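Novice: One file is attached below, coords04.cif, containing mmCIF, C-alpha atoms and all ligand atoms.
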data_final
loop_
_atom_site.label_atom_id
_atom_site.label_comp_id
_atom_site.auth_asym_id
_atom_site.auth_seq_id
_atom_site.Cartn_x
_atom_site.Cartn_y
_atom_site.Cartn_z
CA MET A 1 1.01 13.99 -31.44
CA ASP A 2 -2.03 15.60 -33.12
CA PRO A 3 -4.31 17.41 -30.64
CA ALA A 4 -7.62 15.91 -29.63
CA LYS A 5 -10.71 17.72 -30.90
CA LEU A 6 -13.67 18.03 -28.54
CA VAL A 7 -16.98 19.37 -29.83
CA ILE A 8 -19.38 20.79 -27.20
CA ASN A 9 -22.56 22.60 -28.25
CA ASP A 10 -21.20 23.04 -31.79
CA ASN A 11 -17.98 24.57 -30.42
CA GLU A 12 -14.76 22.71 -31.19
CA TYR A 13 -11.86 22.72 -28.74
CA GLU A 14 -8.36 21.40 -29.36
CA LEU A 15 -6.64 19.64 -26.46
CA PRO A 16 -2.97 18.61 -26.45
CA VAL A 17 -2.24 14.86 -26.57
CA PHE A 18 1.02 13.32 -25.37
CA ALA A 19 2.47 9.87 -24.64
CA GLY A 20 4.68 8.50 -21.88
CA SER A 21 7.78 6.30 -22.15
CA GLU A 22 5.58 3.19 -22.28
CA ASP A 23 3.33 4.73 -24.99
CA GLU A 24 0.43 5.48 -22.64
CA VAL A 25 -1.51 8.33 -24.25
CA ALA A 26 -3.13 11.21 -22.37
CA VAL A 27 -5.29 14.19 -23.26
CA ASP A 28 -4.15 17.33 -21.41
CA ILE A 29 -7.38 18.98 -20.22
CA ARG A 30 -5.80 21.69 -18.08
CA LYS A 31 -7.06 24.49 -20.30
CA LEU A 32 -10.50 22.99 -21.11
CA ARG A 33 -12.45 24.90 -18.43
CA ALA A 34 -10.85 28.24 -19.30
CA GLN A 35 -11.73 27.69 -22.98
CA SER A 36 -15.20 26.16 -22.56
CA LYS A 37 -16.32 26.58 -18.93
CA VAL A 38 -16.69 22.78 -19.05
CA VAL A 39 -14.99 20.36 -16.61
CA THR A 40 -14.45 16.62 -17.01
CA TYR A 41 -16.22 14.19 -14.68
CA ASP A 42 -14.41 11.13 -13.33
CA PRO A 43 -15.52 10.09 -9.79
CA GLY A 44 -12.61 8.34 -8.05
CA TYR A 45 -10.31 9.50 -10.84
CA GLY A 46 -10.37 5.97 -12.31
CA ASN A 47 -9.48 7.28 -15.76
CA THR A 48 -7.62 10.46 -14.86
CA GLY A 49 -3.85 10.90 -14.75
CA SER A 50 -2.97 13.06 -11.73
CA CYS A 51 0.72 13.43 -12.57
CA GLU A 52 3.62 12.36 -14.72
CA SER A 53 5.77 9.88 -12.78
CA SER A 54 8.99 7.94 -13.40
CA ILE A 55 8.77 5.65 -10.40
CA THR A 56 6.44 2.70 -11.11
CA PHE A 57 4.92 1.33 -14.29
CA ILE A 58 1.89 -0.96 -14.30
CA ASP A 59 0.36 -2.65 -17.35
CA GLY A 60 -2.94 -4.00 -16.00
CA GLU A 61 -3.74 -5.99 -19.13
CA LYS A 62 -0.35 -7.74 -19.31
CA GLY A 63 0.18 -8.05 -15.55
CA ILE A 64 3.38 -5.99 -15.58
CA LEU A 65 4.72 -4.17 -12.49
CA ARG A 66 8.15 -2.47 -12.60
CA TYR A 67 9.94 -0.21 -10.12
CA ARG A 68 12.18 2.29 -11.98
CA GLY A 69 12.13 -0.12 -14.94
CA TYR A 70 13.04 -3.26 -13.00
CA SER A 71 10.40 -6.03 -12.85
CA ILE A 72 9.16 -7.08 -9.43
CA GLU A 73 9.89 -10.67 -10.43
CA GLU A 74 13.60 -9.87 -10.79
CA LEU A 75 13.71 -7.66 -7.69
CA ALA A 76 11.87 -10.22 -5.53
CA GLU A 77 14.34 -12.90 -6.61
CA LYS A 78 17.63 -10.97 -6.66
CA SER A 79 17.30 -7.79 -4.56
CA SER A 80 16.53 -6.91 -0.92
CA PHE A 81 13.89 -4.63 0.58
CA VAL A 82 16.51 -2.10 1.71
CA GLU A 83 18.02 -2.04 -1.80
CA VAL A 84 14.55 -1.57 -3.32
CA CYS A 85 13.96 1.32 -0.88
CA TYR A 86 17.10 2.96 -2.26
CA LEU A 87 16.07 2.24 -5.88
CA LEU A 88 12.58 3.72 -5.50
CA ILE A 89 13.76 6.84 -3.64
CA HIS A 90 16.95 7.59 -5.59
CA GLY A 91 15.97 6.17 -8.99
CA GLU A 92 18.94 3.86 -9.45
CA LEU A 93 20.22 0.65 -7.87
CA PRO A 94 22.91 1.60 -5.31
CA THR A 95 26.60 0.86 -5.65
CA GLU A 96 28.05 -1.32 -2.89
CA VAL A 97 29.32 1.76 -1.05
CA GLN A 98 25.98 3.57 -1.43
CA LEU A 99 24.10 0.54 -0.12
CA ASP A 100 26.43 0.12 2.85
CA ILE A 101 26.00 3.78 3.82
CA PHE A 102 22.19 3.52 3.39
CA LYS A 103 22.05 0.36 5.53
CA HIS A 104 24.27 1.95 8.20
CA LYS A 105 22.00 5.00 8.40
CA LEU A 106 18.85 2.86 8.63
CA THR A 107 20.42 0.73 11.36
CA HIS A 108 21.51 3.71 13.45
CA HIS A 109 18.23 5.61 13.24
CA SER A 110 15.85 2.80 14.23
CA LEU A 111 15.50 3.86 17.89
CA LEU A 112 12.51 5.99 18.91
CA HIS A 113 12.98 9.03 21.15
CA GLU A 114 12.40 7.62 24.65
CA ASP A 115 9.63 10.18 25.23
CA MET A 116 7.63 8.60 22.37
CA LYS A 117 7.18 5.46 24.48
CA LYS A 118 4.80 7.51 26.63
CA PHE A 119 2.48 7.78 23.61
CA PHE A 120 2.04 4.01 23.55
CA GLU A 121 1.06 4.02 27.22
CA GLY A 122 -1.97 6.16 26.35
CA TYR A 123 -3.47 3.68 23.88
CA PRO A 124 -5.79 0.87 24.97
CA ALA A 125 -4.48 -2.64 24.21
CA SER A 126 -7.42 -2.95 21.80
CA ALA A 127 -6.23 -0.03 19.64
CA HIS A 128 -5.82 -1.10 16.01
CA PRO A 129 -2.11 -0.91 15.13
CA MET A 130 -2.88 1.15 12.00
CA SER A 131 -4.42 3.97 14.03
CA VAL A 132 -1.42 3.89 16.37
CA LEU A 133 0.98 3.85 13.40
CA SER A 134 -0.69 6.83 11.72
CA ALA A 135 -0.62 8.88 14.94
CA MET A 136 2.97 7.96 15.79
CA VAL A 137 4.25 8.79 12.29
CA ALA A 138 2.55 12.19 12.41
CA SER A 139 4.13 12.73 15.84
CA LEU A 140 7.63 12.22 14.44
CA ALA A 141 7.33 15.81 13.14
CA ALA A 142 7.30 17.00 16.76
CA TYR A 143 10.78 15.53 17.26
CA TYR A 144 12.21 16.03 13.77
CA PRO A 145 10.62 19.20 12.40
CA GLU A 146 10.90 19.96 8.70
CA SER A 147 13.38 22.65 7.67
CA ASP A 148 14.56 24.25 4.42
CA ASP A 149 17.83 22.31 4.69
CA PRO A 150 17.67 19.46 2.12
CA SER A 151 19.91 17.33 4.34
CA ASP A 152 17.20 17.38 6.99
CA LEU A 153 14.74 15.87 4.51
CA ASP A 154 17.29 13.17 3.57
CA LEU A 155 17.66 12.36 7.27
CA ASN A 156 13.89 12.38 7.88
CA VAL A 157 13.49 9.89 5.01
CA ILE A 158 15.98 7.61 6.76
CA ARG A 159 14.29 8.13 10.13
CA LEU A 160 10.88 7.28 8.69
CA ILE A 161 11.94 3.97 7.13
CA ALA A 162 14.15 3.05 10.10
CA LYS A 163 11.68 3.91 12.85
CA LEU A 164 8.56 2.52 11.17
CA LYS A 165 9.46 -1.09 12.03
CA THR A 166 10.19 -0.06 15.63
CA ILE A 167 6.86 1.74 15.95
CA ALA A 168 5.09 -1.28 14.45
CA ALA A 169 6.80 -3.77 16.76
CA PHE A 170 6.33 -1.58 19.86
CA SER A 171 2.60 -1.17 19.12
CA TYR A 172 2.29 -4.97 18.89
CA LYS A 173 4.18 -5.52 22.15
CA LYS A 174 2.00 -2.90 23.87
CA SER A 175 -1.15 -4.63 22.59
CA ILE A 176 -0.15 -7.96 24.18
CA GLY A 177 1.27 -6.43 27.37
CA HIS A 178 4.83 -7.55 26.65
CA PRO A 179 7.94 -5.44 27.24
CA TYR A 180 9.38 -3.67 24.22
CA VAL A 181 12.28 -5.38 22.43
CA TYR A 182 14.73 -2.75 21.24
CA PRO A 183 16.31 -2.68 17.77
CA ARG A 184 19.58 -4.57 17.32
CA ASN A 185 22.34 -3.15 15.11
CA ASP A 186 23.66 -6.60 14.19
CA LEU A 187 20.47 -7.70 12.42
CA SER A 188 19.16 -6.89 8.93
CA TYR A 189 16.03 -4.76 8.51
CA THR A 190 13.61 -7.69 8.43
CA GLU A 191 15.53 -9.83 10.96
CA ASP A 192 15.46 -6.88 13.36
CA PHE A 193 11.70 -6.40 12.91
CA LEU A 194 11.01 -10.10 13.53
CA ASN A 195 13.21 -10.02 16.61
CA MET A 196 11.44 -6.94 17.99
CA MET A 197 8.11 -8.64 17.30
CA PHE A 198 8.80 -12.09 18.66
CA ALA A 199 11.91 -11.54 20.76
CA VAL A 200 13.25 -14.62 19.01
CA PRO A 201 16.42 -14.00 17.00
CA ALA A 202 16.39 -15.41 13.48
CA GLU A 203 18.83 -18.17 14.43
CA ALA A 204 16.13 -19.68 16.66
CA TYR A 205 14.05 -20.74 13.68
CA ASN A 206 14.66 -24.09 12.02
CA SER A 207 15.21 -22.15 8.79
CA PRO A 208 17.05 -19.15 10.28
CA ASP A 209 16.91 -16.81 7.31
CA LEU A 210 13.73 -18.16 5.70
CA LEU A 211 11.32 -15.92 7.63
CA ALA A 212 13.44 -12.81 7.12
CA LEU A 213 13.88 -13.55 3.40
CA THR A 214 10.15 -14.25 3.02
CA LEU A 215 9.29 -10.99 4.76
CA ASP A 216 11.85 -9.19 2.60
CA MET A 217 10.13 -10.54 -0.52
CA LEU A 218 6.68 -9.51 0.78
CA LEU A 219 7.89 -5.97 1.54
CA ILE A 220 9.47 -5.70 -1.93
CA LEU A 221 6.21 -6.72 -3.59
CA HIS A 222 4.31 -4.02 -1.67
CA ALA A 223 6.90 -1.27 -2.09
CA ASP A 224 4.99 0.84 -4.64
CA HIS A 225 1.98 0.67 -6.93
CA GLU A 226 1.79 3.99 -8.78
CA GLN A 227 -1.20 6.25 -7.98
CA ASN A 228 -3.26 3.96 -5.70
CA CYS A 229 -5.53 5.46 -3.06
CA SER A 230 -2.95 5.86 -0.28
CA THR A 231 -0.19 7.12 -2.60
CA SER A 232 -2.55 9.66 -4.16
CA THR A 233 -3.44 10.71 -0.60
CA VAL A 234 0.25 11.21 0.23
CA ARG A 235 0.65 13.35 -2.89
CA MET A 236 -2.54 15.31 -2.21
CA VAL A 237 -1.62 16.12 1.41
CA GLY A 238 1.93 16.96 0.33
CA SER A 239 0.56 19.29 -2.36
CA SER A 240 -0.66 21.63 0.39
CA GLY A 241 2.93 21.99 1.64
CA ALA A 242 2.37 19.63 4.58
CA ASP A 243 5.56 17.95 5.83
CA LEU A 244 6.68 14.41 4.99
CA PHE A 245 5.50 12.88 8.28
CA ALA A 246 2.00 14.43 8.03
CA SER A 247 1.68 13.32 4.39
CA ILE A 248 2.76 9.76 5.12
CA SER A 249 0.49 9.61 8.18
CA ALA A 250 -2.44 10.48 5.90
CA GLY A 251 -1.36 7.72 3.51
CA ILE A 252 -1.35 5.22 6.40
CA SER A 253 -4.90 6.27 7.27
CA ALA A 254 -6.02 5.80 3.65
CA LEU A 255 -4.36 2.37 3.54
CA SER A 256 -6.26 1.26 6.66
CA GLY A 257 -9.52 0.96 4.73
CA PRO A 258 -10.87 -2.55 3.93
CA LEU A 259 -11.11 -1.63 0.23
CA HIS A 260 -7.37 -0.90 0.23
CA GLY A 261 -4.65 -2.12 2.57
CA LYS A 262 -6.89 -3.83 5.11
CA ALA A 263 -8.07 -6.31 2.46
CA ASN A 264 -5.32 -8.75 3.55
CA GLN A 265 -6.82 -8.81 7.06
CA GLU A 266 -10.28 -9.29 5.53
CA VAL A 267 -8.97 -12.42 3.73
CA ILE A 268 -8.10 -14.13 7.02
CA ASP A 269 -11.36 -12.95 8.59
CA MET A 270 -13.16 -14.60 5.65
CA LEU A 271 -11.19 -17.87 6.05
CA GLU A 272 -11.93 -17.91 9.79
CA ARG A 273 -15.64 -17.41 9.04
CA ILE A 274 -15.60 -20.36 6.62
CA GLN A 275 -13.73 -22.49 9.15
CA ALA A 276 -16.16 -21.57 11.94
CA ASP A 277 -19.00 -22.59 9.61
CA GLY A 278 -17.60 -26.09 9.22
CA GLY A 279 -14.98 -25.37 6.54
CA ASP A 280 -17.41 -25.89 3.65
CA TYR A 281 -15.57 -23.72 1.11
CA ASN A 282 -17.88 -24.88 -1.73
CA LYS A 283 -20.80 -23.33 0.15
CA TYR A 284 -18.99 -20.00 0.15
CA ILE A 285 -18.02 -20.29 -3.50
CA GLU A 286 -21.75 -20.60 -4.26
CA LYS A 287 -22.57 -17.70 -1.92
CA ALA A 288 -20.01 -15.54 -3.75
CA LYS A 289 -21.71 -16.40 -7.08
CA ASP A 290 -25.20 -15.63 -5.75
CA LYS A 291 -25.98 -12.01 -6.64
CA ASN A 292 -28.59 -11.94 -3.86
CA ASP A 293 -26.00 -12.95 -1.28
CA PRO A 294 -23.81 -10.11 0.13
CA PHE A 295 -20.85 -12.48 0.64
CA ARG A 296 -17.91 -11.79 -1.64
CA LEU A 297 -14.54 -13.56 -1.87
CA MET A 298 -11.97 -11.26 -0.28
CA GLY A 299 -8.54 -11.21 -1.91
CA PHE A 300 -9.84 -11.83 -5.41
CA GLY A 301 -9.80 -9.41 -8.35
CA HIS A 302 -8.17 -5.98 -8.76
CA ARG A 303 -9.19 -2.57 -10.13
CA VAL A 304 -6.08 -2.32 -12.34
CA TYR A 305 -5.05 -5.87 -13.21
CA LYS A 306 -7.42 -7.26 -15.86
CA ASN A 307 -6.07 -10.80 -15.64
CA PHE A 308 -3.71 -11.56 -12.78
CA ASP A 309 -1.86 -9.59 -10.12
CA PRO A 310 1.84 -10.25 -10.87
CA ARG A 311 2.63 -9.89 -7.17
CA ALA A 312 0.22 -12.73 -6.39
CA LYS A 313 2.03 -15.00 -8.85
CA VAL A 314 5.36 -14.34 -7.13
CA ILE A 315 3.93 -14.88 -3.64
CA LYS A 316 2.02 -18.03 -4.66
CA LYS A 317 5.22 -19.57 -6.00
CA THR A 318 6.96 -18.81 -2.68
CA ALA A 319 4.09 -19.66 -0.32
CA ASP A 320 4.04 -23.41 -1.00
CA ARG A 321 7.80 -23.68 -0.46
CA VAL A 322 7.81 -21.52 2.67
CA LEU A 323 4.83 -23.32 4.25
CA SER A 324 6.38 -26.75 3.70
CA GLU A 325 9.82 -25.59 4.93
CA LEU A 326 8.24 -24.03 8.02
CA GLY A 327 6.32 -27.25 8.53
CA ILE A 328 3.12 -25.24 8.89
CA ARG A 329 -0.17 -27.19 9.13
CA ASP A 330 -3.01 -24.69 9.36
CA PRO A 331 -6.66 -25.49 8.48
CA LEU A 332 -7.14 -21.91 7.28
CA LEU A 333 -4.35 -22.36 4.78
CA ASP A 334 -5.99 -25.58 3.56
CA ILE A 335 -9.29 -23.73 3.10
CA ALA A 336 -7.42 -20.99 1.21
CA LYS A 337 -5.83 -23.47 -1.17
CA HIS A 338 -9.23 -25.13 -1.81
CA LEU A 339 -10.84 -21.73 -2.48
CA GLU A 340 -8.05 -20.80 -4.85
CA ARG A 341 -8.29 -24.10 -6.75
CA VAL A 342 -12.09 -24.04 -7.08
CA ALA A 343 -12.19 -20.34 -8.04
CA LEU A 344 -9.49 -20.75 -10.68
CA GLU A 345 -11.40 -23.71 -12.20
CA ASP A 346 -14.81 -21.97 -12.15
CA ASP A 347 -15.65 -19.91 -15.25
CA TYR A 348 -17.79 -17.58 -13.12
CA PHE A 349 -14.65 -16.11 -11.56
CA GLY A 350 -12.54 -16.36 -14.70
CA GLU A 351 -15.11 -14.47 -16.77
CA ARG A 352 -15.11 -11.71 -14.13
CA LYS A 353 -11.28 -11.71 -13.84
CA LEU A 354 -11.63 -12.58 -10.16
CA TYR A 355 -8.20 -14.14 -9.67
CA PRO A 356 -6.44 -14.28 -6.30
CA ASN A 357 -4.59 -11.00 -5.71
CA VAL A 358 -1.63 -9.99 -3.57
CA ASP A 359 -3.83 -9.67 -0.48
CA PHE A 360 -5.04 -13.28 -0.73
CA TYR A 361 -1.59 -14.83 -0.55
CA SER A 362 0.17 -12.24 1.63
CA GLY A 363 -2.36 -12.78 4.45
CA ILE A 364 -1.62 -16.51 4.33
CA LEU A 365 2.14 -15.96 4.55
CA TYR A 366 1.93 -13.35 7.30
CA ARG A 367 -0.21 -15.78 9.30
CA ALA A 368 2.26 -18.60 8.68
CA MET A 369 5.03 -16.33 9.98
CA GLY A 370 3.11 -15.79 13.23
CA ILE A 371 2.22 -12.17 12.53
CA PRO A 372 -1.16 -11.40 14.15
CA THR A 373 -4.01 -10.62 11.75
CA ASN A 374 -4.49 -7.04 12.95
CA MET A 375 -0.84 -6.36 12.03
CA PHE A 376 -1.24 -7.42 8.38
CA THR A 377 -2.04 -3.91 7.12
CA VAL A 378 0.88 -2.56 9.15
CA MET A 379 3.09 -4.93 7.13
CA PHE A 380 1.57 -3.50 3.96
CA ALA A 381 2.40 0.02 5.22
CA MET A 382 5.98 -1.03 6.03
CA GLY A 383 6.40 -2.34 2.49
CA ARG A 384 4.74 0.71 0.89
CA MET A 385 6.80 3.23 2.85
CA PRO A 386 9.57 3.69 0.22
CA GLY A 387 6.99 4.09 -2.52
CA TRP A 388 5.09 6.75 -0.59
CA ILE A 389 8.33 8.60 0.14
CA ALA A 390 9.54 8.40 -3.48
CA GLN A 391 6.19 9.62 -4.81
CA TRP A 392 6.06 12.48 -2.25
CA ILE A 393 9.59 13.62 -3.16
CA GLU A 394 8.80 13.39 -6.89
CA SER A 395 5.65 15.49 -6.39
CA LYS A 396 7.72 18.20 -4.64
CA LYS A 397 10.15 18.33 -7.59
CA ASP A 398 7.39 18.35 -10.24
CA PRO A 399 7.53 21.70 -12.15
CA ASP A 400 3.80 21.30 -12.86
CA ALA A 401 3.07 20.67 -9.17
CA LYS A 402 0.20 22.63 -7.66
CA ILE A 403 -2.15 22.10 -4.73
CA HIS A 404 -4.64 19.34 -5.54
CA ARG A 405 -8.02 21.02 -5.97
CA PRO A 406 -10.51 18.97 -8.04
CA ARG A 407 -13.76 20.56 -9.25
CA GLN A 408 -17.30 19.23 -8.90
CA ILE A 409 -20.69 19.27 -10.56
CA TYR A 410 -23.16 20.88 -8.12
CA MET A 411 -26.48 19.03 -7.89
CA GLY A 412 -27.97 20.74 -4.82
CA SER A 413 -30.62 23.45 -4.31
CA THR A 414 -30.45 26.51 -6.50
CA GLU A 415 -30.54 29.90 -4.73
CA ARG A 416 -33.20 30.29 -2.04
CA HIS A 417 -33.67 32.77 0.82
CA TYR A 418 -33.75 32.39 4.62
CA ARG A 419 -37.18 31.99 6.24
CA PRO A 420 -37.84 32.57 9.96
CA ILE A 421 -38.54 29.35 11.87
CA GLU A 422 -42.23 30.17 12.32
CA GLN A 423 -42.61 30.21 8.52
CA ARG A 424 -41.12 26.69 8.04
CA GLY A 425 -43.41 23.78 8.08
C1 LIG B 501 -1.94 -1.40 -3.98
O1 LIG B 501 -0.94 -2.13 -4.10
O2 LIG B 501 -1.89 -0.20 -3.61
C2 LIG B 501 -3.28 -2.03 -4.22
O3 LIG B 501 -3.16 -3.10 -5.13
C3 LIG B 501 -4.36 -1.07 -4.63
C4 LIG B 501 -4.19 -0.34 -5.95
O4 LIG B 501 -3.12 -0.38 -6.59
O5 LIG B 501 -5.18 0.31 -6.33
#
Written as structure tokens, that's how I'd like the structure from this file.

Specialist:
Amino acid sequence: MDPAKLVINDNEYELPVFAGSEDEVAVDIRKLRAQSKVVTYDPGYGNTGSCESSITFIDGEKGILRYRGYSIEELAEKSSFVEVCYLLIHGELPTEVQLDIFKHKLTHHSLLHEDMKKFFEGYPASAHPMSVLSAMVASLAAYYPESDDPSDLDLNVIRLIAKLKTIAAFSYKKSIGHPYVYPRNDLSYTEDFLNMMFAVPAEAYNSPDLLALTLDMLLILHADHEQNCSTSTVRMVGSSGADLFASISAGISALSGPLHGKANQEVIDMLERIQADGGDYNKYIEKAKDKNDPFRLMGFGHRVYKNFDPRAKVIKKTADRVLSELGIRDPLLDIAKHLERVALEDDYFGERKLYPNVDFYSGILYRAMGIPTNMFTVMFAMGRMPGWIAQWIESKKDPDAKIHRPRQIYMGSTERHYRPIEQRG
């Protein structure tokens, strides 16, 4: 492609332009500062490509989300979370033998080192599960240190996915003062997690595989989302040479923010606030439209999707069926459905592209499945784990990879000299 021409102070600079496999076009500015002493300015990197990646493609205008070229709609309907983990990390759907080996490894690495149970004893019951999760994942490096042997990394990837659900379930059990339920080798990934959480094997539910399949679908839909805040954090920490566990732990911390992964918890907190205030959802619709009112609808809108979040469409289709099959009657869910209906009919939200996003519906389904609200973001982290790992591995293999070191524009004091305290006033 023809280079871009940039004119600064009557000087013209040529910058290479290239396109990706989906015809996204980028200007390569790597040499701009050396040529012109000028840097670009893009707080939050909202319009800056940090890397070339072959893992996930998003078209925000068309509402497209694909993992390694496969649409999330197809994967949610036909695949499994464990198979999607393999796809994201290895780049291809597994053969039957490859999948069986992958499943066997995940099953037989789900136990935590018994000494790690002591860590849980040190946390107060009130500790937020995300802070426990981040600390425990970082601590895995103490038991499984990184080495130069590539097979160790392969095994640590397995350990991370396999042990994450055990750490999550143990932190929940600790928070409610219940004994830990250990992993079972005869259950699938999601069945095992639900059993460790609720100590109720899948067969105890009136729809034995419905909860596990619903959780599988939710984890698939959260499995990756290109260079979002937590994934960019994983790449940035990894760019310093930090090990996999430290990088993922940093990603978990980034995800814990209410503007990112904790938004699903904020949705339920919002619904509970509306319910406590008499359930008048129309009152809160008007509050959300009032620019002088700080109240905003949580779980609506998205920085990347300019119309609808494709993940929300998949979950919405499933939520109605799952809630009726589970026989769930929950006033919060009724409020949620009223909010969704009114917001979708109101031009105020349509004009601002404020459609329900993945966090709006996932919080409703997690609640219907009996998962406590403060565990919702942990569920997001469990789903995102394969994406973080795939992106971290890709960043390590990137020939252009270097330590992330953005520049800045300094706006502070120009040079001044020290004055003794008696001369300050
Ligand atoms: C995500 O899935 O990571 C969230 O939608 C946030 C984002 O992509 O920026």

Novice: Enumerate, in order of chain and increasing residue number, the residues of chain A with an atom no farther than 10 Å from ligand LIG 501 (chain B), each with its shortest atom pair and distance in Å to one decimal, counting all atoms listed in the file, as a tab-separated table.

Specialist:
residue	atom	partner	partner_atom	distance
A:Gly46	CA	B:LIG501	O5	9.7
A:Ile58	CA	B:LIG501	O4	9.2
A:Leu221	CA	B:LIG501	O1	8.5
A:His222	CA	B:LIG501	O1	6.1
A:Ala223	CA	B:LIG501	O1	8.1
A:Asp224	CA	B:LIG501	O1	6.7
A:His225	CA	B:LIG501	O1	4.9
A:Glu226	CA	B:LIG501	O4	6.9
A:Gln227	CA	B:LIG501	O4	7.0
A:Asn228	CA	B:LIG501	O5	4.2
A:Cys229	CA	B:LIG501	O5	6.1
A:Ser230	CA	B:LIG501	O2	7.0
A:Thr231	CA	B:LIG501	O2	7.6
A:Ser232	CA	B:LIG501	O2	9.9
A:Leu255	CA	B:LIG501	O2	8.0
A:Leu259	CA	B:LIG501	C3	8.3
A:His260	CA	B:LIG501	C3	5.7
A:Gly261	CA	B:LIG501	C2	6.9
A:Ala263	CA	B:LIG501	C2	9.3
A:Gly301	CA	B:LIG501	O3	9.7
A:His302	CA	B:LIG501	O3	6.8
A:Arg303	CA	B:LIG501	O5	6.2
A:Val304	CA	B:LIG501	O5	6.6
A:Tyr305	CA	B:LIG501	O3	8.7
A:Asp309	CA	B:LIG501	O3	8.3
A:Arg311	CA	B:LIG501	O1	9.1
A:Asn357	CA	B:LIG501	O3	8.0
A:Val358	CA	B:LIG501	O3	7.2
A:Asp359	CA	B:LIG501	O3	8.1
A:Phe380	CA	B:LIG501	O1	8.6
A:Ala381	CA	B:LIG501	O2	9.8
A:Gly383	CA	B:LIG501	O1	9.9
A:Arg384	CA	B:LIG501	O2	8.1
A:Gly387	CA	B:LIG501	O2	9.9

Novice: Nearest residue to Ser131 in chain A out of A:Gly60, A:Pro145, A:Pro16, A:Gly251, using all atoms listed in the file?

Specialist: A:Gly251

Novice: So which residues touch Met369 in chain A within 12 Å, counting all atoms listed in the file, skipping near sequence neighbours fewer than 6 positions away, as number ranges by chain?

Specialist: A: 194, 197-198, 202, 205, 207, 210-215, 218, 319, 322-323, 325-328, 330, 362-363, 375-376, 379

Novice: When you look at Val27 in chain A with a cut-off of 12 Å (counting all atoms listed in the file), what residues show up, excluding the ones that are within fewer than 2 positions of it in the same chain? I need them as an NGL selection string.

Specialist: :A and (1-6 or 14-20 or 24-25 or 29-32 or 40 or 47-50)

Novice: So, with all atoms listed in the file as the atoms that count, which of A:Tyr348, A:Phe245, A:Phe102, A:Phe81 lies closest to Asp290 in chain A?

Specialist: A:Tyr348

Novice: Can you pull out the residues contacting Glu77 in chain A? Cut-off 12 Å, using all atoms listed in the file, and skip same-chain residues under 2 positions away; I want them as a list in words.

Specialist: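 Listed by chain and then number, they are Tyr70, Ser71, Ile72, Glu73, Glu74, Leu75, Ser79, Ser80, Phe81, Val84, Leu213, Thr214, Asp216, Met217, Leu218, Ile220, Leu221, Val314, Ile315, Lys317 and Thr318 of chain A.
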
Novice: Can you report as AutoDock Vina command-line options the centre and edge lengths in Å, to one decimal, of an axis-aligned box around the listed atoms of range 140-148 of chain A padded with 5 Å on each side?

Specialist:
--center_x 10.9 --center_y 18.2 --center_z 10.8 --size_x 17.3 --size_y 22.0 --size_z 22.8

Novice: Under the rule that only C-alpha atoms are counted, which of A:Lys62, A:Arg235, A:His113, A:His178 is the nearest residue to Ile389 in chain A?

Specialist: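 Selected residue with least distance to Ile389 in chain A: A:Arg235.
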
Novice: Determine the nearest neighbour of Tyr182 in chain A from the options A:Ala168, A:Ile393, A:Ile421, A:Leu332, counting only C-alpha atoms.

Specialist: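 So, comparing all the options, the nearest one is A:Ala168.
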
Novice: Which value, in Å to one decimal, gives the distance between CA of Gln265 in chain A and CA of Ile161 in chain A?

Specialist: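 Interatomic distance here is 22.7 Å.
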
Novice: Could you give me, as a ChimeraX atom specification, the residues within 7 Å of range 272-286 of chain A, counting all atoms listed in the file and dropping anything in the same chain fewer than 3 positions from it?

Specialist: /A:268-269,289-290,332,335,339

Novice: Hey, can you check how far CA of Leu111 in chain A sits from CA of Met382 in chain A?

Specialist: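 We find that CA of Leu111 in chain A and CA of Met382 in chain A lie 16.0 Å from each other.
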
Novice: Identify which of the residues A:Leu344, A:Leu88, A:Ala138, A:His417 lies closest to Phe57 in chain A, counting only C-alpha atoms when measuring atom-to-atom distances.

Specialist: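 Looking only at the distances to Phe57 in chain A, the closest residue turns out to be A:Leu88.
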
Novice: Name the closest residue to Met130 in chain A among the candidates A:Leu354, A:Ile252, A:Val97, A:Ala142; distances are taken between atoms, counting all atoms listed in the file.

Specialist: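 Closest candidate: A:Ile252.
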
Novice: What does the distance from CA of Met196 in chain A to CA of Ala169 in chain A come to in Å, to one decimal?

Specialist: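 Distance reported for this atom pair: 5.8 Å.
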
Novice: Excluding Val267 in chain A and any residue of its chain fewer than 3 positions from it, enumerate the residues within 7 Å of it, using all atoms listed in the file, and give them as a short mmCIF file (atom, residue, chain, number, x, y, z; two decimals) with C-alpha atoms, in the coordinates of the input.

Specialist:
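File produced: selection-v1.cif:
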data_model
loop_
_atom_site.label_atom_id
_atom_site.label_comp_id
_atom_site.auth_asym_id
_atom_site.auth_seq_id
_atom_site.Cartn_x
_atom_site.Cartn_y
_atom_site.Cartn_z
CA ALA A 263 -8.07 -6.31 2.46
CA ASN A 264 -5.32 -8.75 3.55
CA MET A 270 -13.16 -14.60 5.65
CA LEU A 271 -11.19 -17.87 6.05
CA MET A 298 -11.97 -11.26 -0.28
CA GLY A 299 -8.54 -11.21 -1.91
CA PHE A 360 -5.04 -13.28 -0.73
CA GLY A 363 -2.36 -12.78 4.45
#
